[in-house]
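Have a look at my_file-v8.txt; it's compact mmCIF, C-alpha atoms:
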```txt
# COMPACT_ATOMS: atom_id res chain seq x y z
CA MET A 1 -8.11 10.07 24.05
CA VAL A 2 -7.68 6.85 22.10
CA ILE A 3 -10.05 6.53 19.12
CA VAL A 4 -10.81 3.07 17.70
CA ASN A 5 -13.03 2.16 14.74
CA PRO A 6 -13.13 -1.64 14.23
CA SER A 7 -13.58 -3.17 10.78
CA ASP A 8 -15.56 -6.30 11.68
CA ALA A 9 -17.05 -8.31 14.56
CA ILE A 10 -13.75 -9.99 15.46
CA GLU A 11 -12.00 -6.65 15.68
CA ALA A 12 -14.92 -5.11 17.60
CA GLU A 13 -14.59 -7.82 20.25
CA ALA A 14 -10.83 -7.29 20.45
CA ALA A 15 -11.32 -3.51 20.74
CA VAL A 16 -13.78 -3.89 23.61
CA LYS A 17 -11.30 -6.13 25.45
CA ALA A 18 -8.54 -3.59 24.82
CA ALA A 19 -10.77 -0.78 26.11
CA TYR A 20 -11.45 -2.75 29.27
CA GLU A 21 -7.73 -3.21 29.89
CA TYR A 22 -6.72 0.32 28.89
CA VAL A 23 -6.23 2.92 31.61
CA GLY A 24 -7.61 6.22 30.32
CA PRO A 25 -10.35 7.51 28.06
CA MET A 26 -11.15 5.64 24.87
CA TYR A 27 -13.79 6.18 22.21
CA LEU A 28 -15.01 3.13 20.30
CA ARG A 29 -16.89 3.87 17.07
CA PHE A 30 -18.99 1.03 15.70
CA GLY A 31 -20.68 0.87 12.31
CA ARG A 32 -24.23 -0.39 12.15
CA LEU A 33 -23.91 -2.36 8.94
CA ALA A 34 -23.39 -6.13 8.92
CA ILE A 35 -20.15 -6.73 7.02
CA PRO A 36 -18.03 -9.74 6.12
CA VAL A 37 -15.42 -10.91 8.59
CA ILE A 38 -11.97 -9.73 7.55
CA ASN A 39 -9.84 -10.54 10.57
CA ASP A 40 -10.33 -14.29 10.86
CA ARG A 41 -6.74 -15.14 9.99
CA PRO A 42 -4.78 -17.22 12.53
CA ASP A 43 -2.06 -14.54 12.70
CA TYR A 44 -4.53 -11.72 13.47
CA ARG A 45 -3.51 -9.65 16.48
CA PHE A 46 -5.23 -6.47 17.64
CA GLU A 47 -2.89 -3.87 19.09
CA LEU A 48 -3.90 -0.32 19.91
CA GLY A 49 -2.09 2.16 17.69
CA LYS A 50 -0.95 -0.43 15.15
CA GLY A 51 -2.51 -0.70 11.69
CA ILE A 52 -2.67 -3.98 9.79
CA VAL A 53 -1.63 -4.51 6.17
CA LEU A 54 -4.36 -6.67 4.62
CA ARG A 55 -3.15 -6.54 1.03
CA GLU A 56 0.24 -5.74 -0.42
CA GLY A 57 0.62 -3.34 -3.32
CA LYS A 58 3.10 -0.82 -4.70
CA ASP A 59 1.09 1.68 -6.76
CA VAL A 60 -1.23 3.22 -4.17
CA ALA A 61 -1.77 2.84 -0.44
CA ILE A 62 -5.39 2.73 0.73
CA ILE A 63 -5.66 3.42 4.45
CA ALA A 64 -9.17 2.62 5.63
CA THR A 65 -11.04 2.37 8.90
CA GLY A 66 -14.25 0.74 10.13
CA LEU A 67 -16.83 -0.36 7.59
CA GLU A 68 -14.74 1.08 4.80
CA VAL A 69 -11.99 -1.51 5.17
CA ASN A 70 -14.14 -4.12 3.42
CA GLU A 71 -15.21 -1.62 0.74
CA SER A 72 -11.55 -0.71 0.18
CA LEU A 73 -10.66 -4.37 -0.32
CA ILE A 74 -13.41 -4.55 -2.96
CA ALA A 75 -12.01 -1.43 -4.65
CA ALA A 76 -8.49 -2.92 -4.55
CA GLU A 77 -9.72 -6.02 -6.39
CA LYS A 78 -11.20 -3.82 -9.12
CA LEU A 79 -8.00 -1.77 -9.33
CA ALA A 80 -5.95 -4.97 -9.67
CA ALA A 81 -8.04 -5.92 -12.71
CA ASP A 82 -6.83 -2.62 -14.23
CA GLY A 83 -3.20 -3.34 -13.35
CA ILE A 84 -3.08 -1.05 -10.31
CA GLN A 85 -1.66 -2.80 -7.25
CA ALA A 86 -3.17 -1.29 -4.10
CA LYS A 87 -1.81 -1.83 -0.63
CA VAL A 88 -4.78 -1.93 1.79
CA ILE A 89 -4.24 -1.01 5.43
CA ASN A 90 -6.79 -1.51 8.18
CA MET A 91 -6.23 1.50 10.45
CA HIS A 92 -8.50 0.48 13.33
CA THR A 93 -6.87 2.96 15.69
CA ILE A 94 -7.20 6.53 14.46
CA LYS A 95 -5.60 8.01 17.55
CA PRO A 96 -2.83 7.28 18.24
CA LEU A 97 -2.14 6.91 14.54
CA ASP A 98 0.38 4.29 13.40
CA GLU A 99 2.74 6.89 11.97
CA GLU A 100 5.47 4.40 11.12
CA LEU A 101 3.12 2.33 8.94
CA VAL A 102 1.60 5.39 7.22
CA LEU A 103 5.03 6.82 6.38
CA ALA A 104 6.32 3.46 5.14
CA ALA A 105 3.27 3.01 2.89
CA ALA A 106 3.58 6.56 1.55
CA LYS A 107 7.28 6.07 0.81
CA GLU A 108 6.67 2.73 -0.90
CA CYS A 109 3.63 3.74 -2.97
CA GLY A 110 4.04 7.49 -3.46
CA CYS A 111 0.28 7.98 -3.29
CA VAL A 112 -2.05 7.63 -0.28
CA ILE A 113 -5.83 7.36 -0.17
CA THR A 114 -7.78 7.44 3.10
CA VAL A 115 -11.28 5.98 3.31
CA GLU A 116 -13.67 6.47 6.21
CA GLU A 117 -17.42 6.56 6.86
CA HIS A 118 -16.91 9.83 8.69
CA SER A 119 -16.38 13.46 7.81
CA ILE A 120 -13.15 14.02 5.92
CA ILE A 121 -12.60 16.88 8.37
CA GLY A 122 -11.11 15.86 11.70
CA GLY A 123 -10.92 12.12 11.12
CA LEU A 124 -8.53 9.57 9.67
CA GLY A 125 -7.94 11.56 6.48
CA SER A 126 -7.01 14.67 8.42
CA ALA A 127 -4.67 12.77 10.72
CA VAL A 128 -2.90 11.05 7.81
CA CYS A 129 -2.61 14.26 5.76
CA GLU A 130 -1.26 16.22 8.74
CA LEU A 131 1.39 13.57 9.30
CA LEU A 132 2.36 13.45 5.63
CA SER A 133 2.53 17.23 5.30
CA GLU A 134 4.95 17.42 8.23
CA LYS A 135 7.15 14.39 7.62
CA LEU A 136 6.83 13.14 4.03
CA PRO A 137 4.83 15.29 1.57
CA THR A 138 2.89 12.80 -0.54
CA ARG A 139 -0.01 12.97 -2.99
CA ALA A 140 -3.11 12.13 -0.98
CA LEU A 141 -6.87 11.85 -1.43
CA ARG A 142 -9.39 11.75 1.40
CA ILE A 143 -12.52 9.73 0.68
CA GLY A 144 -15.30 10.16 3.21
CA VAL A 145 -18.28 12.34 3.93
CA ASN A 146 -17.75 15.90 2.74
CA ASP A 147 -18.72 18.82 4.96
CA VAL A 148 -22.50 18.30 4.83
CA TYR A 149 -25.23 17.76 7.38
CA GLY A 150 -25.59 14.11 8.31
CA GLU A 151 -28.76 12.20 7.68
CA SER A 152 -30.41 9.00 8.79
CA GLY A 153 -31.45 6.11 6.62
CA PRO A 154 -30.56 2.57 5.65
CA ALA A 155 -26.79 2.21 6.01
CA VAL A 156 -26.28 0.55 2.60
CA GLU A 157 -28.09 3.41 0.85
CA LEU A 158 -26.13 6.07 2.74
CA ILE A 159 -22.80 4.37 1.97
CA LYS A 160 -23.70 4.44 -1.73
CA LYS A 161 -25.09 8.00 -1.61
CA TYR A 162 -21.87 9.35 -0.14
CA GLY A 163 -19.69 7.37 -2.56
CA LEU A 164 -18.29 5.04 0.09
CA ASP A 165 -19.09 1.70 -1.56
CA GLY A 166 -16.39 -0.36 -3.26
CA GLU A 167 -17.37 0.70 -6.79
CA SER A 168 -17.37 4.41 -5.94
CA ILE A 169 -14.04 4.14 -4.11
CA TYR A 170 -12.59 2.34 -7.13
CA LYS A 171 -13.76 5.09 -9.49
CA LYS A 172 -12.40 7.89 -7.27
CA ILE A 173 -9.00 6.20 -6.94
CA LYS A 174 -8.84 5.38 -10.65
CA GLN A 175 -9.50 9.04 -11.47
CA PHE A 176 -6.94 10.22 -8.90
CA VAL A 177 -4.03 7.98 -9.93
```
Transcribe the structure of this file into structure tokens.
Amino acid sequence: MVIVNPSDAIEAEAAVKAAYEYVGPMYLRFGRLAIPVINDRPDYRFELGKGIVLREGKDVAIIATGLEVNESLIAAEKLAADGIQAKVINMHTIKPLDEELVLAAAKECGCVITVEEHSIIGGLGSAVCELLSEKLPTRALRIGVNDVYGESGPAVELIKKYGLDGESIYKKIKQFV
């Protein structure tokens, strides 16, 4: 089953079109928080199974999905102010994972961070860490919801509570690198 988690409205529209054209099962996961548009560049192209580098960097690779792509870009700005150059990758397709891009980023940066508004068990972080452990052992940190019962509430408050806002991501990465 293909699993897609778009990062903004433009990508959500592209994902729905791709789902319509795809032959086979596909799961589309949509966040419920209004977020800035990220993918409004003229060269933007949605392709199932292919991540998108949104920001170049050499010190750490941040691989994010869904709502957390924008938060990761915010964290990358804060890291840059501290002299840490973060590559930010929008991994809209979690399955199939863009293995080539993940491995290239890990090789270039030597340190990988995954960020998702999902459990760190069985999501993007797990997929990336499984790949790295088999093909290119690399220091990695999974940022997401730890193994706790979910709860309902205002999305902005929950993002902050679980440490998934830009400032919290920045602090976790800064401590890790």
- A:Tyr170, A:Leu164, A:Tyr27, A:Ser119 ranked by distance to Gly150 in chain A, top pick (using only C-alpha atoms): A:Ser119
- Spatial neighbours of range 110-118 of chain A, max dist 8 Å, all atoms listed in the file, sep filter under 2 positions, as number ranges by chain: A: 59-69, 72, 105-108, 120, 123-125, 128, 138-145, 159, 164, 173, 177
If we count only C-alpha atoms, what is near Val23 in chain A at a cut-off of 12 Å, once residues fewer than 5 positions away on the same chain are taken out, given as a JSON list (two decimals) with C-alpha atoms, in the frame of the given file?
```json
[["chain", "number", "residue", "atom", "x", "y", "z"],
["A", 1, "MET", "CA", -8.11, 10.07, 24.05],
["A", 2, "VAL", "CA", -7.68, 6.85, 22.10],
["A", 18, "ALA", "CA", -8.54, -3.59, 24.82]]
```
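Restricting the calculation to all atoms listed in the file, the smallest distance between Leu28 in chain A and any of A:Glu11, A:Asp43, A:Glu99, A:Glu56 is found for A:Glu11.
A straight line drawn from CA of Ala104 in chain A to CA of Lys50 in chain A is 13.0 Å long.
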- Enter the distance from CA of Ala86 in chain A to CA of Arg55 in chain A, in Å, rounded to one decimal.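 These two atoms are separated by 7.3 Å.
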- Residues at most 12 Å from Gly153 in chain A, counting only C-alpha atoms, excluding those fewer than 5 positions away in the same chain, as a ChimeraX atom specification? /A:32-33,158-161
- Item | Selected residue of minimal separation from Leu131 in chain A among A:Pro96, A:Ile89, A:Cys109, A:Tyr149, counting all atoms listed in the file |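 Selected residue with least distance to Leu131 in chain A: A:Pro96.
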Extending 6 Å beyond the listed atoms of range 89-94 of chain A on each side, what axis-aligned box results? I want centre and edge lengths in Å to one decimal, as AutoDock Vina command-line options.
```
--center_x -6.4 --center_y 2.5 --center_z 10.6 --size_x 16.3 --size_y 20.0 --size_z 22.3
```
- Query: Contacts of Ile74 in chain A at 10 Å or less, counting all atoms listed in the file, minus same-chain residues fewer than 2 places along, as a PyMOL selection string?
  - Reply: chain A and resi 68-72+76-79+165-167+169-170
- Task: To one decimal in Å, tell me the separation between CA of Ile10 in chain A and CA of Leu73 in chain A.
- Result: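 Answer for the CA of Ile10 in chain A to CA of Leu73 in chain A separation: 17.0 Å.
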- Excluding same-chain residues fewer than 2 positions from Ala34 in chain A, what lies within 10 Å of it counting only C-alpha atoms, as a ChimeraX atom specification? /A:8-9,31-32,36-37,67,155-156
- Best match for closeness to Glu47 in chain A among A:Ala15, A:Ile35, A:Cys129, A:Ile94, counting only C-alpha atoms: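 That would be A:Ala15, the residue with the smallest distance to Glu47 in chain A.
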- Message: I'd like to know which of A:Ala12, A:Ile52, A:Ala80, A:Ile3 is closest to Ala127 in chain A, using only C-alpha atoms.
- Response: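 Among A:Ala12, A:Ile52, A:Ala80, A:Ile3, it is A:Ile3 that comes nearest to Ala127 in chain A.
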- Task: Go through A:Pro137, A:Met26, A:Ser7, A:Tyr162 and flag the residue nearest Asn90 in chain A, using only C-alpha atoms for the distances.
- Result: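 Answer, going by the shortest atom-to-atom distance: A:Ser7.
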